[in-house]
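Chemist: What follows is model.csv, made up of CSV, C-alpha atoms (C1' of nucleotides):
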chain,number,residue,atom,x,y,z
X,1,MET,CA,0.0,0.0,0.0
X,2,ARG,CA,1.6,3.2,1.2
X,3,LYS,CA,5.4,3.1,1.1
X,4,LEU,CA,5.9,5.2,4.1
X,5,ASN,CA,7.9,5.0,7.2
X,6,LEU,CA,5.6,6.3,9.8
X,7,GLU,CA,8.3,6.6,12.4
X,8,ALA,CA,10.4,8.7,10.1
X,9,LEU,CA,7.4,10.9,9.3
X,10,LYS,CA,6.8,11.5,13.0
X,11,LYS,CA,10.4,12.5,13.4
X,12,GLU,CA,10.1,15.0,10.5
X,13,PHE,CA,6.9,16.4,12.1
X,14,GLU,CA,8.7,16.8,15.4
X,15,GLN,CA,11.4,18.8,13.6
X,16,PHE,CA,8.8,20.8,11.9
X,17,LEU,CA,7.3,21.7,15.2
X,18,ARG,CA,10.6,22.5,16.8
X,19,LYS,CA,11.5,24.8,14.0
X,20,LYS,CA,8.3,26.7,14.6
X,21,LYS,CA,9.1,26.7,18.3
X,22,MET,CA,6.0,24.8,19.0
X,23,LYS,CA,5.8,21.9,21.4
X,24,VAL,CA,5.8,18.2,20.6
X,25,THR,CA,2.8,17.1,22.5
X,26,ARG,CA,1.1,13.7,22.8
X,27,ALA,CA,-2.1,15.0,21.1
X,28,ARG,CA,-0.1,16.1,18.1
X,29,LEU,CA,1.8,12.9,17.6
X,30,ASP,CA,-1.2,10.7,18.4
X,31,LEU,CA,-3.2,12.5,15.7
X,32,LEU,CA,-0.6,12.0,13.1
X,33,ASP,CA,-0.6,8.3,14.0
X,34,HIS,CA,-4.3,8.0,13.8
X,35,ILE,CA,-4.7,9.8,10.6
X,36,ALA,CA,-2.0,7.6,9.0
X,37,SER,CA,-3.7,4.5,10.1
X,38,TYR,CA,-7.1,5.7,9.0
X,39,ASP,CA,-5.6,6.1,5.6
X,40,ARG,CA,-8.4,7.4,3.5
X,41,HIS,CA,-10.5,10.5,3.2
X,42,PHE,CA,-11.9,11.8,6.4
X,43,GLU,CA,-13.8,14.7,8.0
X,44,ILE,CA,-13.1,16.2,11.4
X,45,GLU,CA,-16.0,14.5,13.1
X,46,GLU,CA,-15.0,11.1,11.8
X,47,LEU,CA,-11.5,11.6,13.0
X,48,VAL,CA,-12.7,12.7,16.5
X,49,ASN,CA,-14.7,9.5,16.7
X,50,TRP,CA,-12.0,7.3,15.2
X,51,VAL,CA,-9.5,8.5,17.8
X,52,ALA,CA,-12.0,8.0,20.6
X,53,SER,CA,-12.8,4.5,19.4
X,54,ARG,CA,-9.3,3.1,19.2
X,55,SER,CA,-7.5,4.7,22.0
X,56,ASP,CA,-8.1,5.6,25.6
X,57,ARG,CA,-6.7,9.1,25.1
X,58,PRO,CA,-9.3,10.9,23.1
X,59,VAL,CA,-8.4,14.3,21.7
X,60,SER,CA,-10.9,17.2,21.8
X,61,ARG,CA,-12.6,18.5,18.7
X,62,SER,CA,-10.8,21.8,19.1
X,63,THR,CA,-7.4,20.2,19.2
X,64,VAL,CA,-8.3,18.1,16.1
X,65,TYR,CA,-9.2,21.2,14.2
X,66,ARG,CA,-6.0,23.0,15.3
X,67,THR,CA,-3.8,20.0,14.6
X,68,VAL,CA,-5.2,19.2,11.2
X,69,LYS,CA,-4.5,22.7,10.2
X,70,LEU,CA,-0.9,22.2,11.4
X,71,LEU,CA,-0.6,19.0,9.5
X,72,GLU,CA,-1.8,20.6,6.4
X,73,GLU,CA,0.9,23.2,6.8
X,74,PHE,CA,3.4,20.4,7.4
X,75,GLY,CA,2.2,18.7,4.3
X,76,ALA,CA,0.9,15.4,5.6
X,77,VAL,CA,-2.7,16.3,5.1
X,78,ARG,CA,-4.6,18.2,2.4
X,79,GLU,CA,-8.0,19.5,1.9
X,80,VAL,CA,-9.9,17.6,-0.8
X,81,ILE,CA,-13.2,19.3,-1.1
X,82,LYS,CA,-15.8,21.2,0.9
X,83,LYS,CA,-18.9,19.1,0.7
X,84,ASP,CA,-22.0,20.9,1.9
X,85,LYS,CA,-20.5,22.6,4.9
X,86,LYS,CA,-18.0,20.0,5.8
X,87,THR,CA,-14.4,19.9,4.8
X,88,ILE,CA,-13.0,16.6,3.6
X,89,TYR,CA,-9.3,15.9,4.1
X,90,GLU,CA,-6.9,13.2,3.1
X,91,PHE,CA,-3.6,11.9,4.3
X,92,VAL,CA,-1.1,12.5,1.6
X,93,ALA,CA,2.4,11.9,3.0
X,94,GLY,CA,4.2,9.4,0.9
X,95,SER,CA,1.8,9.2,-1.9
X,96,PRO,CA,2.1,11.0,-5.2
X,97,HIS,CA,-0.1,13.9,-6.1
X,98,HIS,CA,-3.4,12.8,-7.4
X,99,ASP,CA,-6.8,14.2,-8.4
X,100,HIS,CA,-10.4,13.1,-7.9
X,101,LEU,CA,-13.5,11.9,-9.6
X,102,VAL,CA,-16.4,12.6,-7.3
X,103,CYS,CA,-19.7,10.7,-7.9
X,104,LEU,CA,-22.6,13.1,-7.4
X,105,ASN,CA,-25.0,10.2,-6.7
X,106,CYS,CA,-23.2,8.0,-4.2
X,107,GLY,CA,-20.4,10.3,-3.0
X,108,LYS,CA,-17.7,7.8,-4.0
X,109,ILE,CA,-14.3,9.4,-4.6
X,110,ILE,CA,-12.0,7.8,-7.1
X,111,GLU,CA,-8.3,8.9,-7.2
X,112,PHE,CA,-6.3,9.2,-10.4
X,113,VAL,CA,-2.9,10.4,-11.4
X,114,SER,CA,-2.1,12.2,-14.7
X,115,ASP,CA,1.4,13.4,-15.4
X,116,GLU,CA,0.2,14.9,-18.6
X,117,ILE,CA,-2.3,17.1,-16.9
X,118,GLU,CA,0.3,18.1,-14.3
X,119,SER,CA,2.7,19.2,-17.0
X,120,LEU,CA,0.1,21.1,-18.9
X,121,GLN,CA,-0.6,23.0,-15.7
X,122,HIS,CA,3.0,24.0,-15.4
X,123,GLN,CA,3.0,25.3,-18.9
X,124,ILE,CA,0.0,27.4,-18.1
X,125,CYS,CA,1.5,28.8,-15.0
X,126,ASN,CA,4.7,29.7,-16.8
X,127,HIS,CA,2.6,31.6,-19.3
X,128,TYR,CA,1.1,33.7,-16.6
X,129,GLY,CA,4.2,34.1,-14.6
X,130,PHE,CA,2.3,32.3,-11.8
X,131,LYS,CA,4.1,30.3,-9.2
X,132,PRO,CA,2.0,27.2,-8.4
X,133,LEU,CA,2.2,25.9,-4.9
X,134,ASN,CA,-0.7,23.5,-4.9
X,135,HIS,CA,-3.6,22.5,-7.0
X,136,ARG,CA,-6.9,20.7,-7.0
X,137,LEU,CA,-8.7,19.1,-9.9
X,138,GLU,CA,-12.1,17.5,-9.3
X,139,ILE,CA,-14.4,16.0,-11.9
X,140,TYR,CA,-18.0,15.6,-10.8
X,141,GLY,CA,-20.3,13.2,-12.4
X,142,LEU,CA,-21.6,9.6,-12.2
X,143,CYS,CA,-19.5,6.6,-11.4
X,144,ARG,CA,-20.0,3.4,-13.4
X,145,ASP,CA,-22.4,1.9,-10.9
X,146,CYS,CA,-24.6,4.9,-10.6
X,147,GLN,CA,-25.0,5.2,-14.3
X,148,SER,CA,-26.6,1.8,-14.7
X,149,SER,CA,-29.1,2.3,-11.9
P,1,MET,CA,-16.5,41.2,-23.9
P,2,ARG,CA,-19.2,38.7,-23.3
P,3,LYS,CA,-21.1,37.8,-26.4
P,4,LEU,CA,-24.4,37.3,-24.9
P,5,ASN,CA,-27.9,38.5,-25.5
P,6,LEU,CA,-29.2,39.2,-22.0
P,7,GLU,CA,-32.8,39.4,-23.2
P,8,ALA,CA,-32.5,36.0,-24.8
P,9,LEU,CA,-31.0,34.6,-21.7
P,10,LYS,CA,-33.8,35.9,-19.6
P,11,LYS,CA,-36.4,34.3,-21.9
P,12,GLU,CA,-34.6,31.0,-21.6
P,13,PHE,CA,-34.7,31.4,-17.9
P,14,GLU,CA,-38.4,32.0,-18.0
P,15,GLN,CA,-38.9,28.9,-20.0
P,16,PHE,CA,-36.7,27.0,-17.5
P,17,LEU,CA,-38.9,28.2,-14.7
P,18,ARG,CA,-42.2,27.4,-16.5
P,19,LYS,CA,-40.9,23.9,-17.3
P,20,LYS,CA,-40.4,23.4,-13.6
P,21,LYS,CA,-43.8,24.9,-12.8
P,22,MET,CA,-42.2,27.7,-10.9
P,23,LYS,CA,-43.2,31.3,-11.1
P,24,VAL,CA,-41.6,34.0,-13.0
P,25,THR,CA,-41.1,36.6,-10.4
P,26,ARG,CA,-39.6,40.0,-10.3
P,27,ALA,CA,-36.9,39.0,-7.8
P,28,ARG,CA,-35.8,36.1,-10.0
P,29,LEU,CA,-35.5,38.2,-13.2
P,30,ASP,CA,-33.9,41.1,-11.4
P,31,LEU,CA,-31.2,38.9,-9.9
P,32,LEU,CA,-30.3,37.4,-13.3
P,33,ASP,CA,-30.0,41.0,-14.6
P,34,HIS,CA,-27.8,42.1,-11.7
P,35,ILE,CA,-25.6,39.1,-11.8
P,36,ALA,CA,-25.0,39.6,-15.5
P,37,SER,CA,-24.2,43.2,-15.1
P,38,TYR,CA,-21.9,42.5,-12.2
P,39,ASP,CA,-20.0,40.2,-14.5
P,40,ARG,CA,-17.3,38.8,-12.3
P,41,HIS,CA,-16.8,36.6,-9.4
P,42,PHE,CA,-19.1,37.3,-6.5
P,43,GLU,CA,-20.2,36.1,-3.1
P,44,ILE,CA,-23.7,36.2,-1.8
P,45,GLU,CA,-23.1,39.1,0.5
P,46,GLU,CA,-21.7,41.2,-2.3
P,47,LEU,CA,-24.6,40.4,-4.5
P,48,VAL,CA,-27.1,41.5,-1.9
P,49,ASN,CA,-25.3,44.8,-1.5
P,50,TRP,CA,-24.8,45.2,-5.2
P,51,VAL,CA,-28.5,44.8,-5.8
P,52,ALA,CA,-29.4,47.1,-3.0
P,53,SER,CA,-27.0,49.8,-4.3
P,54,ARG,CA,-28.3,50.0,-7.9
P,55,SER,CA,-32.0,49.4,-7.6
P,56,ASP,CA,-34.8,50.6,-5.4
P,57,ARG,CA,-36.0,47.0,-5.2
P,58,PRO,CA,-33.6,45.1,-2.9
P,59,VAL,CA,-33.9,41.4,-2.7
P,60,SER,CA,-33.6,39.6,0.6
P,61,ARG,CA,-30.6,37.5,1.5
P,62,SER,CA,-32.8,34.4,1.6
P,63,THR,CA,-34.1,34.9,-1.8
P,64,VAL,CA,-30.6,35.6,-3.2
P,65,TYR,CA,-29.5,32.2,-1.7
P,66,ARG,CA,-32.5,30.5,-3.2
P,67,THR,CA,-32.2,32.1,-6.6
P,68,VAL,CA,-28.5,31.6,-7.0
P,69,LYS,CA,-29.1,27.9,-6.4
P,70,LEU,CA,-31.7,28.0,-9.1
P,71,LEU,CA,-29.5,29.8,-11.5
P,72,GLU,CA,-26.8,27.2,-10.9
P,73,GLU,CA,-29.2,24.6,-11.9
P,74,PHE,CA,-30.2,26.6,-14.9
P,75,GLY,CA,-26.6,26.9,-15.8
P,76,ALA,CA,-26.0,30.6,-15.7
P,77,VAL,CA,-24.0,30.5,-12.6
P,78,ARG,CA,-21.4,28.2,-11.2
P,79,GLU,CA,-19.6,27.8,-7.9
P,80,VAL,CA,-15.9,28.6,-8.2
P,81,ILE,CA,-14.5,27.8,-4.9
P,82,LYS,CA,-15.3,27.8,-1.2
P,83,LYS,CA,-12.9,30.3,0.3
P,84,ASP,CA,-12.9,30.1,4.1
P,85,LYS,CA,-16.5,29.6,4.8
P,86,LYS,CA,-17.8,31.6,1.9
P,87,THR,CA,-18.8,30.3,-1.5
P,88,ILE,CA,-17.6,32.3,-4.5
P,89,TYR,CA,-19.7,32.1,-7.7
P,90,GLU,CA,-19.3,33.3,-11.2
P,91,PHE,CA,-21.7,34.2,-14.0
P,92,VAL,CA,-20.9,31.7,-16.8
P,93,ALA,CA,-23.7,32.0,-19.4
P,94,GLY,CA,-22.2,32.6,-22.8
P,95,SER,CA,-18.6,32.1,-21.8
P,96,PRO,CA,-16.5,29.0,-22.5
P,97,HIS,CA,-15.6,26.7,-19.7
P,98,HIS,CA,-12.4,27.9,-17.9
P,99,ASP,CA,-10.4,27.2,-14.9
P,100,HIS,CA,-8.6,29.3,-12.3
P,101,LEU,CA,-5.3,30.4,-10.9
P,102,VAL,CA,-5.9,31.7,-7.4
P,103,CYS,CA,-3.3,33.9,-5.7
P,104,LEU,CA,-2.9,32.9,-2.1
P,105,ASN,CA,-1.4,36.3,-1.2
P,106,CYS,CA,-3.7,38.9,-2.8
P,107,GLY,CA,-6.7,36.7,-3.6
P,108,LYS,CA,-6.6,37.6,-7.3
P,109,ILE,CA,-8.3,35.0,-9.6
P,110,ILE,CA,-6.9,34.6,-13.1
P,111,GLU,CA,-9.0,32.6,-15.6
P,112,PHE,CA,-7.5,30.3,-18.2
P,113,VAL,CA,-8.8,27.9,-20.8
P,114,SER,CA,-7.0,24.7,-21.9
P,115,ASP,CA,-8.5,22.4,-24.4
P,116,GLU,CA,-5.7,19.9,-23.9
P,117,ILE,CA,-6.5,19.5,-20.3
P,118,GLU,CA,-10.2,19.2,-21.0
P,119,SER,CA,-9.5,16.4,-23.5
P,120,LEU,CA,-7.2,14.6,-21.1
P,121,GLN,CA,-9.9,14.7,-18.5
P,122,HIS,CA,-12.2,13.0,-20.9
P,123,GLN,CA,-9.7,10.2,-21.5
P,124,ILE,CA,-9.4,9.6,-17.8
P,125,CYS,CA,-13.2,9.5,-17.3
P,126,ASN,CA,-13.5,7.0,-20.2
P,127,HIS,CA,-10.9,4.9,-18.5
P,128,TYR,CA,-12.9,4.7,-15.3
P,129,GLY,CA,-16.3,4.4,-17.0
P,130,PHE,CA,-17.1,7.7,-15.3
P,131,LYS,CA,-19.6,10.1,-16.8
P,132,PRO,CA,-18.3,13.7,-16.2
P,133,LEU,CA,-20.9,16.4,-15.7
P,134,ASN,CA,-18.9,19.2,-14.4
P,135,HIS,CA,-15.4,19.9,-13.2
P,136,ARG,CA,-13.2,22.3,-11.4
P,137,LEU,CA,-9.5,22.9,-11.6
P,138,GLU,CA,-7.8,25.4,-9.4
P,139,ILE,CA,-4.2,26.1,-9.1
P,140,TYR,CA,-3.1,27.9,-5.9
P,141,GLY,CA,0.1,29.9,-5.8
P,142,LEU,CA,1.5,33.4,-6.2
P,143,CYS,CA,0.7,35.7,-9.0
P,144,ARG,CA,3.5,37.6,-10.8
P,145,ASP,CA,3.0,40.7,-8.6
P,146,CYS,CA,3.0,38.9,-5.3
P,147,GLN,CA,6.2,37.0,-6.2
P,148,SER,CA,8.2,40.2,-6.5
P,149,SER,CA,7.1,41.7,-3.3
A,1,DA,C1',9.2,27.9,36.3
A,2,DT,C1',6.9,29.5,32.3
A,3,DG,C1',4.5,29.8,28.4
A,4,DA,C1',2.4,27.1,24.9
A,5,DG,C1',-1.3,23.4,24.4
A,6,DT,C1',-5.7,21.5,25.6
A,7,DG,C1',-10.6,20.9,26.7
A,8,DC,C1',-14.8,23.0,27.4
A,9,DA,C1',-18.4,25.8,26.5
A,10,DA,C1',-19.6,29.9,24.3
A,11,DA,C1',-19.3,32.6,20.2
A,12,DG,C1',-19.0,33.2,15.3
A,13,DT,C1',-20.5,32.9,10.6
A,14,DA,C1',-22.3,31.2,6.2
A,15,DT,C1',-26.4,29.1,5.0
A,16,DT,C1',-31.1,27.1,5.6
A,17,DT,C1',-35.8,27.0,7.2
A,18,DG,C1',-40.6,27.9,9.3
A,19,DC,C1',-44.1,31.0,9.0
A,20,DA,C1',-47.1,34.8,7.8
A,21,DC,C1',-47.9,37.7,4.2
A,22,DG,C1',-47.6,39.1,-0.8
A,23,DT,C1',-47.9,38.1,-5.6
A,24,DA,C1',-48.0,35.4,-10.1
A,25,DC,C1',-51.0,32.7,-12.5
U,1,DG,C1',-58.7,32.4,-5.4
U,2,DT,C1',-54.9,29.4,-4.7
U,3,DA,C1',-50.3,28.0,-4.3
U,4,DC,C1',-45.9,29.3,-4.7
U,5,DG,C1',-42.4,33.1,-3.6
U,6,DT,C1',-40.6,36.3,-0.4
U,7,DG,C1',-38.8,38.5,3.9
U,8,DC,C1',-37.8,38.1,8.4
U,9,DA,C1',-36.1,36.1,12.3
U,10,DA,C1',-34.8,31.9,14.3
U,11,DA,C1',-32.5,27.7,13.7
U,12,DT,C1',-28.5,24.9,11.8
U,13,DA,C1',-24.0,23.2,11.6
U,14,DC,C1',-19.3,23.6,11.0
U,15,DT,C1',-15.5,26.0,12.8
U,16,DT,C1',-13.1,29.3,15.9
U,17,DT,C1',-12.1,31.3,20.3
U,18,DG,C1',-11.6,32.9,25.3
U,19,DC,C1',-10.4,31.1,29.4
U,20,DA,C1',-8.6,28.3,33.2
U,21,DC,C1',-6.0,24.4,33.8
U,22,DT,C1',-2.2,21.1,32.2
U,23,DC,C1',2.0,19.8,30.4
U,24,DA,C1',6.4,20.1,27.6
U,25,DT,C1',10.6,22.3,27.9
For this file, write the structure as C-alpha cells.
Modeler:
Amino acid sequence: MRKLNLEALKKEFEQFLRKKKMKVTRARLDLLDHIASYDRHFEIEELVNWVASRSDRPVSRSTVYRTVKLLEEFGAVREVIKKDKKTIYEFVAGSPHHDHLVCLNCGKIIEFVSDEIESLQHQICNHYGFKPLNHRLEIYGLCRDCQSS
Amino acid sequence: MRKLNLEALKKEFEQFLRKKKMKVTRARLDLLDHIASYDRHFEIEELVNWVASRSDRPVSRSTVYRTVKLLEEFGAVREVIKKDKKTIYEFVAGSPHHDHLVCLNCGKIIEFVSDEIESLQHQICNHYGFKPLNHRLEIYGLCRDCQSS
DNA sequence: ATGAGTGCAAAGTATTTGCACGTAC
DNA sequence: GTACGTGCAAATACTTTGCACTCAT
C-alpha cells in the first residue's frame, strides 16, 4: 500500500514543530498516528470518533481542528473538497499527487494520477508568470455503478 | 466582452422556470439581470449589497441564496471555490468553460482555458467508466506581482 | 518555572428553514 | 382564489475562540 515509514514521518513532524518553536505534544503525535492508520478520506467529526474508538486518550474536537491545520501546513494532510458545509481531508504523506473523480450520486471518490495534466498545468503557470504551490482538480459526475441504476 | 444576449437569456430562464412549474417573479429576473451586469466573481453578500445599491427594489438575502441555487441549476452561474466559509460564484452564461489560478497572497483570480487539459480529462473519465458532468481545476500559488514583493 | 497546548463551553458565521404575508397565475 | 415566492427572524451546523488548567521544555 503506502510506502511510508511512519516513524520517520513522525520524526520529521517533530522537527517541523521545533523549527516553529511549538511543542511536541502527545495529542499532536497521536493524531498523526491515527490519521495515517485511518488512511483514507476523512472529515473532522469522523477523526474525533475514530480516535476516541481506538485509544483511551481521546483528543478534543478543538485540538483536532487545530492540529489538522498544522498537519496541512506540514504537508501530511490536504483538503480535498468542501462538501456541503464539511471539509473533507486526506492523508497524503508518501503518496504522489493525485486528483479526484467525485460521484454526485453515491459520493464515492476515485483517485487518479495524470502526469500529462500536471505538466500542462505547469506550462499554463509559466505563461502567466504564476508560481504554483498547490492545486486541485475534481471532476464531478456519475460513477460506473450509478450510471446503470 | 461577453457575447451574450441578455434578453434572450432571460427568456430562456423564464422557460426553464415554467418547465419546472415555478413562477416567473420580479426577484428572479432582477437577480439574473444584476448578476449579468456584475459580470465577475461574486459572493452572496456582495450580490445582496450590489442589488441594494443599484436598484430601489432590494432582494432579501434568503431569496438571493435560493435564486443563486436556481441559476446554478439553470446553468447561468457556477460555484468557483469555497474560500474560508464563503462560497464564490461566477456568471458563466455565454462564456466557455475555464479554470482558475488563485493567488494565495492577494486573492486575485486569473481565468484560463485549456482544451488539452479538458481532453485529457475525458480520456481519464473513459478509462474509469465515469460520466463527467462538471469539473473544477484550481491552481493555488503566487501571482506575478506577489512574487516580486 | 513558564508559556504554549488542551478541553470545554460559548461565540461566530455562512447558509437554511418555518411561517405569515404578498404576488404570479 | 390558490399556491408558490418572499422576507424576516430563528435555527443549523461547521469551525473558531476565550479562558482556566495542564504539560512540555
Chemist: Starting from chain U, keep only residues with some atom at most 10 Å from an atom of chain X, counting only C-alpha atoms (C1' of nucleotides), and report them as a compact mmCIF listing (two decimals) with C-alpha atoms (C1' of nucleotides), keeping the file's coordinate frame.
Modeler:
# COMPACT_ATOMS: atom_id res chain seq x y z
C1' DA U 13 -24.00 23.20 11.60
C1' DC U 14 -19.30 23.60 11.00
C1' DT U 15 -15.50 26.00 12.80
C1' DT U 16 -13.10 29.30 15.90
C1' DT U 17 -12.10 31.30 20.30
C1' DC U 23 2.00 19.80 30.40
C1' DA U 24 6.40 20.10 27.60
C1' DT U 25 10.60 22.30 27.90
Chemist: Find the residues around Glu14 in chain P up to 12 Å (only C-alpha atoms (C1' of nucleotides) counted), leave out those fewer than 3 positions away in its own chain, and share them as a CSV table (one decimal) with C-alpha atoms, in the coordinates of the input.
Modeler:
chain,number,residue,atom,x,y,z
P,7,GLU,CA,-32.8,39.4,-23.2
P,8,ALA,CA,-32.5,36.0,-24.8
P,9,LEU,CA,-31.0,34.6,-21.7
P,10,LYS,CA,-33.8,35.9,-19.6
P,11,LYS,CA,-36.4,34.3,-21.9
P,17,LEU,CA,-38.9,28.2,-14.7
P,18,ARG,CA,-42.2,27.4,-16.5
P,19,LYS,CA,-40.9,23.9,-17.3
P,20,LYS,CA,-40.4,23.4,-13.6
P,21,LYS,CA,-43.8,24.9,-12.8
P,22,MET,CA,-42.2,27.7,-10.9
P,23,LYS,CA,-43.2,31.3,-11.1
P,24,VAL,CA,-41.6,34.0,-13.0
P,25,THR,CA,-41.1,36.6,-10.4
P,26,ARG,CA,-39.6,40.0,-10.3
P,28,ARG,CA,-35.8,36.1,-10.0
P,29,LEU,CA,-35.5,38.2,-13.2
P,32,LEU,CA,-30.3,37.4,-13.3
P,70,LEU,CA,-31.7,28.0,-9.1
P,71,LEU,CA,-29.5,29.8,-11.5
P,74,PHE,CA,-30.2,26.6,-14.9
Chemist: Considering only C-alpha atoms, state which residue in the set P:Glu118, P:Glu43, P:Asp33, P:Asp56 is at the smallest distance from Glu79 in chain P.
Modeler: P:Glu43
Chemist: Which one is closest to DG5 in chain A: X:Leu6, X:Val64, X:Ala27, X:Ile81? Count only C-alpha atoms (C1' of nucleotides).
Modeler: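 Selected residue with least distance to DG5 in chain A: X:Ala27.
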Chemist: Pick out the chain P residues within 7 Å of chain X. Count only C-alpha atoms. Give them as a JSON list (two decimals) with C-alpha atoms, keeping the file's coordinate frame.
Modeler:
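Listing of selection_25.json after writing:
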[["chain", "number", "residue", "atom", "x", "y", "z"],
["P", 82, "LYS", "CA", -15.30, 27.80, -1.20],
["P", 117, "ILE", "CA", -6.50, 19.50, -20.30],
["P", 120, "LEU", "CA", -7.20, 14.60, -21.10],
["P", 129, "GLY", "CA", -16.30, 4.40, -17.00],
["P", 130, "PHE", "CA", -17.10, 7.70, -15.30],
["P", 131, "LYS", "CA", -19.60, 10.10, -16.80],
["P", 132, "PRO", "CA", -18.30, 13.70, -16.20],
["P", 133, "LEU", "CA", -20.90, 16.40, -15.70],
["P", 134, "ASN", "CA", -18.90, 19.20, -14.40],
["P", 135, "HIS", "CA", -15.40, 19.90, -13.20],
["P", 136, "ARG", "CA", -13.20, 22.30, -11.40],
["P", 137, "LEU", "CA", -9.50, 22.90, -11.60],
["P", 138, "GLU", "CA", -7.80, 25.40, -9.40],
["P", 139, "ILE", "CA", -4.20, 26.10, -9.10],
["P", 140, "TYR", "CA", -3.10, 27.90, -5.90],
["P", 141, "GLY", "CA", 0.10, 29.90, -5.80],
["P", 142, "LEU", "CA", 1.50, 33.40, -6.20],
["P", 143, "CYS", "CA", 0.70, 35.70, -9.00],
["P", 144, "ARG", "CA", 3.50, 37.60, -10.80]]
Chemist: Where does chain A meet chain X within 9 Å, residue by residue, with the nearest atom pair and distance in Å to one decimal for each, counting all atoms listed in the file, listed by chain and rising number, as a Markdown table?
Modeler:
| residue | atom | partner | partner_atom | distance |
| --- | --- | --- | --- | --- |
| A:DA4 | C1' | X:Lys23 | CA | 7.1 |
| A:DG5 | C1' | X:Thr25 | CA | 7.8 |
| A:DT6 | C1' | X:Thr63 | CA | 6.7 |
| A:DG7 | C1' | X:Ser60 | CA | 6.1 |
| A:DC8 | C1' | X:Ser60 | CA | 9.0 |
| A:DA14 | C1' | X:Lys85 | CA | 8.9 |
| A:DT15 | C1' | X:Lys85 | CA | 8.8 |
Chemist: Please tell me which residues are no farther than 8 Å from (-34.0, 28.1, 8.1) in the file, counting all atoms listed in the file, and write them as a PyMOL selection string.
Modeler: (chain A and resi 16-18) or (chain U and resi 10-12)
Chemist: Using CA of Ala36 in chain X and CA of Ala76 in chain X as the two end points, give the distance in Å to one decimal.
Modeler: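 Pair CA of Ala36 in chain X / CA of Ala76 in chain X returns 9.0 Å.
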Chemist: What is the distance, in Å and to one decimal place, between C1' of DA24 in chain A and CA of Phe91 in chain P?
Modeler: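 These two atoms are separated by 26.6 Å.
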Chemist: Between C1' of DC4 in chain U and CA of Asp30 in chain P, what is the spacing in Å?
Modeler: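 We find that CA of Asp30 in chain P and C1' of DC4 in chain U lie 18.1 Å from each other.
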Chemist: May I ask you to restore N, CA and C atoms in range 111-127 of chain X and write the result as a PDB file, in the frame of the given file?
Modeler:
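Output file result28.pdb follows:
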ATOM      1  N   GLU X 111      -9.555   8.140  -7.034  1.00  0.00           N
ATOM      2  CA  GLU X 111      -8.300   8.900  -7.200  1.00  0.00           C
ATOM      3  C   GLU X 111      -7.690   8.576  -8.556  1.00  0.00           C
ATOM      4  N   PHE X 112      -7.083   9.545  -9.175  1.00  0.00           N
ATOM      5  CA  PHE X 112      -6.300   9.200 -10.400  1.00  0.00           C
ATOM      6  C   PHE X 112      -5.092  10.134 -10.460  1.00  0.00           C
ATOM      7  N   VAL X 113      -4.131   9.695 -11.242  1.00  0.00           N
ATOM      8  CA  VAL X 113      -2.900  10.400 -11.400  1.00  0.00           C
ATOM      9  C   VAL X 113      -2.707  10.688 -12.889  1.00  0.00           C
ATOM     10  N   SER X 114      -2.356  11.896 -13.265  1.00  0.00           N
ATOM     11  CA  SER X 114      -2.100  12.200 -14.700  1.00  0.00           C
ATOM     12  C   SER X 114      -0.912  13.125 -14.801  1.00  0.00           C
ATOM     13  N   ASP X 115       0.215  12.571 -15.191  1.00  0.00           N
ATOM     14  CA  ASP X 115       1.400  13.400 -15.400  1.00  0.00           C
ATOM     15  C   ASP X 115       1.212  14.413 -16.482  1.00  0.00           C
ATOM     16  N   GLU X 116       0.458  14.001 -17.514  1.00  0.00           N
ATOM     17  CA  GLU X 116       0.200  14.900 -18.600  1.00  0.00           C
ATOM     18  C   GLU X 116      -0.470  16.173 -18.151  1.00  0.00           C
ATOM     19  N   ILE X 117      -1.516  15.967 -17.357  1.00  0.00           N
ATOM     20  CA  ILE X 117      -2.300  17.100 -16.900  1.00  0.00           C
ATOM     21  C   ILE X 117      -1.344  18.001 -16.003  1.00  0.00           C
ATOM     22  N   GLU X 118      -0.571  17.360 -15.156  1.00  0.00           N
ATOM     23  CA  GLU X 118       0.300  18.100 -14.300  1.00  0.00           C
ATOM     24  C   GLU X 118       1.264  18.991 -15.142  1.00  0.00           C
ATOM     25  N   SER X 119       1.760  18.399 -16.222  1.00  0.00           N
ATOM     26  CA  SER X 119       2.700  19.200 -17.000  1.00  0.00           C
ATOM     27  C   SER X 119       2.082  20.290 -17.769  1.00  0.00           C
ATOM     28  N   LEU X 120       0.853  20.062 -18.229  1.00  0.00           N
ATOM     29  CA  LEU X 120       0.100  21.100 -18.900  1.00  0.00           C
ATOM     30  C   LEU X 120      -0.115  22.292 -17.929  1.00  0.00           C
ATOM     31  N   GLN X 121      -0.393  21.935 -16.692  1.00  0.00           N
ATOM     32  CA  GLN X 121      -0.600  23.000 -15.700  1.00  0.00           C
ATOM     33  C   GLN X 121       0.619  23.842 -15.521  1.00  0.00           C
ATOM     34  N   HIS X 122       1.770  23.180 -15.523  1.00  0.00           N
ATOM     35  CA  HIS X 122       3.000  24.000 -15.400  1.00  0.00           C
ATOM     36  C   HIS X 122       3.190  24.914 -16.549  1.00  0.00           C
ATOM     37  N   GLN X 123       2.875  24.434 -17.743  1.00  0.00           N
ATOM     38  CA  GLN X 123       3.000  25.300 -18.900  1.00  0.00           C
ATOM     39  C   GLN X 123       2.130  26.545 -18.746  1.00  0.00           C
ATOM     40  N   ILE X 124       0.906  26.302 -18.291  1.00  0.00           N
ATOM     41  CA  ILE X 124       0.000  27.400 -18.100  1.00  0.00           C
ATOM     42  C   ILE X 124       0.497  28.411 -17.099  1.00  0.00           C
ATOM     43  N   CYS X 125       0.995  27.902 -15.996  1.00  0.00           N
ATOM     44  CA  CYS X 125       1.500  28.800 -15.000  1.00  0.00           C
ATOM     45  C   CYS X 125       2.677  29.620 -15.494  1.00  0.00           C
ATOM     46  N   ASN X 126       3.567  28.980 -16.231  1.00  0.00           N
ATOM     47  CA  ASN X 126       4.700  29.700 -16.800  1.00  0.00           C
ATOM     48  C   ASN X 126       4.165  30.876 -17.647  1.00  0.00           C
ATOM     49  N   HIS X 127       3.179  30.571 -18.448  1.00  0.00           N
ATOM     50  CA  HIS X 127       2.600  31.600 -19.300  1.00  0.00           C
ATOM     51  C   HIS X 127       2.135  32.807 -18.601  1.00  0.00           C
TER      52      HIS X 127
END
